[in-house]
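Enquirer: Handing over query.csv, CSV, C-alpha atoms.
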chain,number,residue,atom,x,y,z
A,943,MET,CA,-8.6,12.5,-4.5
A,944,ASP,CA,-7.1,9.9,-6.8
A,945,TYR,CA,-6.2,6.9,-4.7
A,946,ARG,CA,-4.3,5.3,-7.5
A,947,GLN,CA,-1.5,7.9,-7.0
A,948,TYR,CA,-0.3,8.1,-3.4
A,949,ARG,CA,1.1,11.4,-2.2
A,950,PRO,CA,3.3,11.0,0.9
A,951,SER,CA,3.0,13.5,3.7
A,952,ARG,CA,5.9,15.7,4.8
A,953,LYS,CA,6.5,13.4,7.7
A,954,GLU,CA,6.6,10.3,5.5
A,955,LYS,CA,9.0,12.1,3.1
A,956,LEU,CA,11.3,12.9,6.0
A,957,MET,CA,11.1,9.3,7.3
A,958,SER,CA,12.1,8.1,3.8
A,959,ALA,CA,15.0,10.5,3.7
A,960,ALA,CA,16.2,9.4,7.2
A,961,LYS,CA,16.0,5.7,6.1
A,962,ALA,CA,17.8,6.5,2.9
A,963,ALA,CA,20.6,8.3,4.9
A,964,GLY,CA,21.0,5.3,7.2
A,965,LEU,CA,21.0,2.8,4.4
A,966,THR,CA,23.6,4.9,2.4
A,967,LEU,CA,25.8,5.0,5.5
A,968,ILE,CA,25.6,1.2,6.0
A,969,ILE,CA,26.4,0.6,2.3
A,970,ALA,CA,29.3,3.1,2.4
A,971,VAL,CA,30.9,1.5,5.5
A,972,CYS,CA,30.3,-2.2,4.6
A,973,PHE,CA,30.9,-2.2,0.8
A,974,TYR,CA,33.2,0.7,0.1
A,975,ASN,CA,34.7,2.0,3.3
A,976,SER,CA,34.9,5.4,1.7
A,977,PHE,CA,33.6,8.9,2.4
A,978,TRP,CA,33.0,9.4,-1.3
A,979,SER,CA,30.6,6.5,-1.5
A,980,LEU,CA,28.1,8.7,0.4
A,981,LEU,CA,27.5,10.4,-2.9
A,982,ILE,CA,25.2,7.5,-3.8
A,983,PHE,CA,22.7,9.0,-1.4
A,984,PRO,CA,20.5,10.7,-4.1
A,985,GLY,CA,20.1,7.4,-5.9
A,986,VAL,CA,19.3,5.5,-2.7
A,987,LEU,CA,16.8,8.2,-1.7
A,988,PHE,CA,15.1,8.0,-5.1
A,989,TRP,CA,14.9,4.2,-5.0
A,990,LEU,CA,13.7,4.0,-1.4
A,991,TYR,CA,11.2,6.8,-1.9
A,992,LYS,CA,9.6,4.9,-4.7
A,993,GLN,CA,9.4,1.7,-2.6
A,994,GLU,CA,7.9,3.5,0.4
A,995,LYS,CA,5.4,5.4,-1.9
A,996,LYS,CA,4.3,2.1,-3.4
A,997,ARG,CA,4.0,0.4,0.0
A,998,LEU,CA,2.0,3.2,1.6
A,999,GLY,CA,-0.2,3.4,-1.4
A,1000,GLU,CA,-1.0,-0.3,-1.3
A,1001,LYS,CA,-1.7,0.0,2.5
A,1002,ARG,CA,-4.1,2.8,1.9
A,1003,GLN,CA,-6.0,1.0,-0.8
A,1004,LYS,CA,-6.3,-2.1,1.5
A,1005,ALA,CA,-7.8,0.1,4.2
A,1006,LEU,CA,-10.1,1.8,1.6
A,1007,LYS,CA,-11.3,-1.6,0.4
A,1008,LEU,CA,-12.3,-2.5,4.0
A,1009,GLN,CA,-14.0,0.8,4.5
A,1010,PHE,CA,-15.9,0.5,1.2
A,1011,LYS,CA,-17.2,-2.9,2.2
A,1012,ASP,CA,-18.6,-1.4,5.4
A,1013,ALA,CA,-20.2,1.5,3.4
A,1014,VAL,CA,-21.9,-0.9,1.0
A,1015,GLN,CA,-23.2,-3.0,3.9
A,1016,GLY,CA,-24.5,0.2,5.6
A,1017,ILE,CA,-26.2,1.4,2.4
A,1018,ALA,CA,-27.8,-2.1,1.9
A,1019,ALA,CA,-29.1,-2.2,5.5
A,1020,ALA,CA,-30.6,1.3,5.1
A,1021,MET,CA,-32.3,0.3,1.8
A,1022,ALA,CA,-33.7,-2.8,3.4
A,1023,ALA,CA,-35.2,-0.6,6.1
A,1024,GLY,CA,-37.1,1.3,3.3
A,1025,TYR,CA,-34.8,4.2,2.4
A,1026,SER,CA,-34.1,5.2,-1.2
A,1027,ALA,CA,-30.6,4.7,-2.5
A,1028,GLU,CA,-29.7,8.4,-2.1
A,1029,ASN,CA,-31.0,8.6,1.5
A,1030,ALA,CA,-29.5,5.2,2.3
A,1031,LEU,CA,-26.1,6.6,1.4
A,1032,ARG,CA,-26.7,9.5,3.9
A,1033,GLU,CA,-27.7,7.1,6.6
A,1034,ALA,CA,-24.7,4.9,6.0
A,1035,ARG,CA,-22.4,7.9,6.4
A,1036,LYS,CA,-24.1,8.7,9.8
A,1037,ASP,CA,-23.6,5.1,10.9
A,1038,LEU,CA,-20.0,4.9,9.8
A,1039,SER,CA,-19.2,8.2,11.6
A,1040,LEU,CA,-19.8,6.3,14.8
A,1041,ILE,CA,-17.1,3.7,13.8
A,1042,TYR,CA,-14.5,5.7,11.9
A,1043,ALA,CA,-12.7,9.0,12.6
A,1044,GLU,CA,-14.0,12.0,10.6
A,1045,ASN,CA,-10.8,12.2,8.6
A,1046,MET,CA,-11.1,8.6,7.3
A,1047,ASP,CA,-11.2,8.3,3.5
A,1048,ILE,CA,-14.6,6.7,3.2
A,1049,LEU,CA,-16.3,9.3,5.4
A,1050,GLN,CA,-14.7,12.1,3.3
A,1051,GLU,CA,-15.9,10.4,0.1
A,1052,LEU,CA,-19.5,9.8,1.4
A,1053,SER,CA,-19.7,13.5,2.5
A,1054,ALA,CA,-18.5,14.6,-1.0
A,1055,MET,CA,-21.1,12.3,-2.6
A,1056,GLU,CA,-23.8,13.9,-0.5
A,1057,ARG,CA,-22.7,17.4,-1.6
A,1058,ARG,CA,-22.6,16.4,-5.3
A,1059,MET,CA,-26.1,14.8,-5.0
A,1060,ASP,CA,-27.3,18.1,-3.4
A,1061,ALA,CA,-26.0,19.7,-6.6
A,1062,ASN,CA,-28.3,17.5,-8.7
A,1063,GLN,CA,-25.8,14.9,-9.7
A,1064,THR,CA,-27.1,11.3,-9.8
A,1065,ILE,CA,-26.0,8.7,-7.3
A,1066,GLU,CA,-24.8,6.5,-10.2
A,1067,ALA,CA,-22.5,9.3,-11.4
A,1068,VAL,CA,-20.9,10.0,-8.0
A,1069,MET,CA,-20.4,6.3,-7.4
A,1070,GLU,CA,-18.8,5.8,-10.8
A,1071,ASP,CA,-16.5,8.7,-10.1
A,1072,PHE,CA,-15.4,7.3,-6.8
A,1073,ALA,CA,-14.9,3.8,-8.3
A,1074,ARG,CA,-12.7,5.3,-11.0
A,1075,ARG,CA,-10.5,7.2,-8.5
A,1076,SER,CA,-10.4,4.4,-5.9
A,1077,GLY,CA,-8.4,2.0,-8.1
A,1078,LEU,CA,-10.5,-0.8,-6.5
A,1079,GLU,CA,-11.7,-3.4,-8.9
A,1080,GLU,CA,-14.5,-4.3,-6.6
A,1081,ALA,CA,-15.7,-0.7,-6.5
A,1082,GLU,CA,-15.6,-0.4,-10.3
A,1083,THR,CA,-17.6,-3.6,-10.8
A,1084,PHE,CA,-20.1,-2.5,-8.1
A,1085,ALA,CA,-20.6,0.9,-9.7
A,1086,GLU,CA,-21.3,-0.6,-13.1
A,1087,ILE,CA,-23.8,-3.2,-11.8
A,1088,PHE,CA,-25.4,-0.6,-9.5
A,1089,ALA,CA,-25.9,1.8,-12.4
A,1090,VAL,CA,-27.6,-0.9,-14.5
A,1091,GLY,CA,-29.7,-2.1,-11.6
A,1092,LYS,CA,-30.8,1.5,-10.8
A,1093,ARG,CA,-32.0,2.2,-14.3
A,1094,SER,CA,-33.6,-1.2,-14.8
A,1095,GLY,CA,-35.1,-1.5,-11.4
A,1096,GLY,CA,-33.0,-4.5,-10.4
A,1097,ASP,CA,-32.4,-5.9,-6.9
A,1098,LEU,CA,-30.0,-3.2,-5.6
A,1099,ILE,CA,-30.0,-4.6,-2.0
A,1100,GLY,CA,-29.0,-8.0,-3.4
A,1101,ILE,CA,-26.3,-6.4,-5.5
A,1102,MET,CA,-24.8,-4.6,-2.5
A,1103,LYS,CA,-24.9,-7.7,-0.3
A,1104,ASP,CA,-23.1,-9.7,-3.0
A,1105,THR,CA,-20.5,-7.0,-3.3
A,1106,ALA,CA,-19.9,-6.8,0.4
A,1107,LYS,CA,-19.6,-10.6,0.6
A,1108,THR,CA,-17.1,-10.7,-2.3
A,1109,ILE,CA,-15.0,-8.0,-0.7
A,1110,SER,CA,-15.1,-9.8,2.7
A,1111,GLU,CA,-14.0,-13.1,1.1
A,1112,THR,CA,-11.1,-11.3,-0.6
A,1113,ILE,CA,-10.0,-9.6,2.6
A,1114,GLU,CA,-10.2,-12.9,4.5
A,1115,THR,CA,-8.2,-14.7,1.9
A,1116,GLU,CA,-5.6,-11.9,2.0
A,1117,ARG,CA,-5.5,-12.2,5.8
A,1118,GLN,CA,-5.0,-16.0,5.6
A,1119,ALA,CA,-2.2,-15.6,3.1
A,1120,ALA,CA,-0.5,-12.9,5.2
A,1121,THR,CA,-0.7,-15.2,8.3
A,1122,ALA,CA,0.7,-18.2,6.4
A,1123,LEU,CA,3.6,-16.1,5.0
A,1124,ALA,CA,4.3,-14.1,8.2
A,1125,SER,CA,7.1,-16.3,9.4
A,1126,ARG,CA,8.7,-16.4,5.9
A,1127,LYS,CA,8.7,-12.7,5.6
A,1128,TYR,CA,10.3,-12.4,9.0
A,1129,GLU,CA,13.0,-14.9,7.9
A,1130,GLN,CA,13.5,-12.8,4.8
A,1131,LYS,CA,14.0,-9.6,6.9
A,1132,VAL,CA,16.6,-11.4,9.0
A,1133,MET,CA,18.4,-12.8,5.9
A,1134,ASN,CA,18.5,-9.3,4.4
A,1135,LEU,CA,20.6,-8.2,7.4
A,1136,VAL,CA,23.0,-11.2,7.3
A,1137,PRO,CA,25.4,-9.9,4.6
A,1138,PHE,CA,25.9,-6.6,6.4
A,1139,GLY,CA,26.3,-8.4,9.7
A,1140,MET,CA,28.9,-10.8,8.2
A,1141,ILE,CA,30.9,-7.9,6.7
A,1142,LEU,CA,30.9,-5.9,10.0
A,1143,TYR,CA,31.9,-9.1,11.9
A,1144,LEU,CA,34.9,-9.6,9.6
A,1145,ARG,CA,35.9,-5.9,9.8
A,1146,LEU,CA,35.7,-5.9,13.6
A,1147,GLY,CA,36.9,-9.5,14.3
A,1148,CYS,CA,39.6,-9.7,11.7
A,1149,PRO,CA,41.0,-6.1,11.2
A,1150,GLY,CA,42.6,-5.7,7.8
A,1151,PHE,CA,41.1,-8.9,6.3
A,1152,LEU,CA,38.9,-7.0,3.9
A,1153,ASP,CA,41.4,-4.2,3.2
A,1154,PRO,CA,42.3,-5.6,-0.3
A,1155,LEU,CA,38.7,-4.9,-1.3
A,1156,TYR,CA,38.7,-1.2,-0.4
A,1157,GLY,CA,40.4,1.7,-2.1
A,1158,ASN,CA,41.2,0.1,-5.5
A,1159,VAL,CA,39.4,-0.4,-8.8
A,1160,ALA,CA,39.3,-4.2,-8.6
A,1161,GLY,CA,38.0,-4.2,-5.0
A,1162,ILE,CA,35.3,-1.6,-5.8
A,1163,GLY,CA,34.3,-3.7,-8.8
A,1164,ILE,CA,34.0,-6.9,-6.7
A,1165,MET,CA,32.1,-5.2,-3.9
A,1166,THR,CA,29.8,-3.5,-6.4
A,1167,GLY,CA,29.1,-6.9,-8.0
A,1168,CYS,CA,28.3,-8.3,-4.5
A,1169,LEU,CA,26.0,-5.4,-3.8
A,1170,GLY,CA,24.2,-6.0,-7.1
A,1171,LEU,CA,23.8,-9.8,-6.3
A,1172,TYR,CA,22.4,-8.8,-2.9
A,1173,LEU,CA,19.9,-6.4,-4.4
A,1174,ALA,CA,18.8,-9.1,-7.0
A,1175,ALA,CA,18.3,-11.7,-4.2
A,1176,TRP,CA,16.4,-9.1,-2.2
A,1177,HIS,CA,14.1,-8.3,-5.1
A,1178,LEU,CA,13.5,-12.0,-5.9
A,1179,GLY,CA,12.7,-12.8,-2.3
A,1180,LYS,CA,10.2,-9.9,-2.2
A,1181,LYS,CA,8.5,-11.1,-5.5
A,1182,LEU,CA,8.2,-14.7,-4.2
A,1183,LEU,CA,6.5,-13.5,-1.0
A,1184,ASN,CA,4.2,-10.9,-2.7
A,1185,ILE,CA,1.1,-13.0,-3.4
A,1186,GLU,CA,-1.8,-11.1,-4.8
A,1187,VAL,CA,-5.4,-12.3,-4.3
Hey, can you dump this file as structure tokens for me?
Expert:
Amino acid sequence: MDYRQYRPSRKEKLMSAAKAAGLTLIIAVCFYNSFWSLLIFPGVLFWLYKQEKKRLGEKRQKALKLQFKDAVQGIAAAMAAGYSAENALREARKDLSLIYAENMDILQELSAMERRMDANQTIEAVMEDFARRSGLEEAETFAEIFAVGKRSGGDLIGIMKDTAKTISETIETERQAATALASRKYEQKVMNLVPFGMILYLRLGCPGFLDPLYGNVAGIGIMTGCLGLYLAAWHLGKKLLNIEV
């Protein structure tokens, strides 16, 4: 499995379609007040599907990073107990099966590594393959250093402990950043709803006030411009709050 390319499940695709339908309806009612504006649904669906696919992919990689850290710690502990690297990997999988569900990504990967080692592939090769597919910088760095250390007889236990420590520090930094920005992200979500709320308030509280903006070329142009400004502000706010560690 290539973790760099997320493939949404059927349920996730249906959820994206439902969200796109709801968003299309809101835009049609607030900005155009026209049945024909529902024809923008395919464009909204395409855009929202890409956003959801990216979000779910990033979420999965974050989870995989945490699971990979636990796997590295488990392998290091088994090697410190006297196991070879190959057998330490098997022991780590057994230990992690007590923590994670059997369908979790890391357990699937460790099981696949065991089968490939049983087919006479080296542990360096299977780790390098996983690192390439994972899309995790930490996994790629670890695989390279592990391969060199295995061939040269380096301190593999120390390498694994350093890798686990680095990943732990990265995860903790991400958690602190997320905590610090949680209130700002909530504020942004509220602000994202304000324009729609204002338009609905004017339509319900002052019937006919916005009628000059509907059903004519000039009004459609103005409302389309407003929608474009809203999307630009939404994108800018998202970029400002998206801090990568």
Enquirer: Could you check how far atom CA of A:Ile982 sits from atom CA of A:Trp1176, in Å to one decimal?
Expert: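 Going from atom CA of A:Ile982 over to atom CA of A:Trp1176 covers 18.9 Å.
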Enquirer: Counting all atoms listed in the file, I want the residues whose atoms come within 12 Å of (-1.3, 0.7, -2.1) in the file frame, returned as a count of residues only.
Expert: 26
Enquirer: Please report the interatomic distance between atom CA of A:Ala970 and atom CA of A:Phe983 in Å with one decimal.
Expert: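 About the pair atom CA of A:Ala970 and atom CA of A:Phe983: they are 9.6 Å apart.
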Enquirer: Would you mind telling me which residue in A:Thr1105, A:Asn975, A:Lys1180, A:Gln1050 lies nearest to A:Leu1123 when using only C-alpha atoms?
Expert: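 Checking each of A:Thr1105, A:Asn975, A:Lys1180, A:Gln1050 against A:Leu1123, counting only C-alpha atoms, the winner is A:Lys1180.
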Enquirer: Nearest to A:Gln1015: which of A:Ala1081, A:Met1055, A:Ala1073, A:Ala1106 is it, counting all atoms listed in the file?
Expert: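 Closest candidate: A:Ala1106.
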Enquirer: So that I can check the surroundings of A:Thr1108, please list as a PyMOL selection string every protein, DNA and RNA residue that reaches within 12 Å of it, counting all atoms listed in the file and ignoring chain neighbours fewer than 3 positions away.
Expert: chain A and resi 1007-1008+1010-1011+1014-1015+1079-1081+1083-1084+1101-1105+1111-1115+1187
Enquirer: Which of these, A:Ile969, A:Leu1142, A:Leu980, A:Val1068, has the shortest distance to A:Thr1166 once you count only C-alpha atoms?
Expert: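 Using only C-alpha atoms, the shortest distance to A:Thr1166 belongs to A:Ile969.
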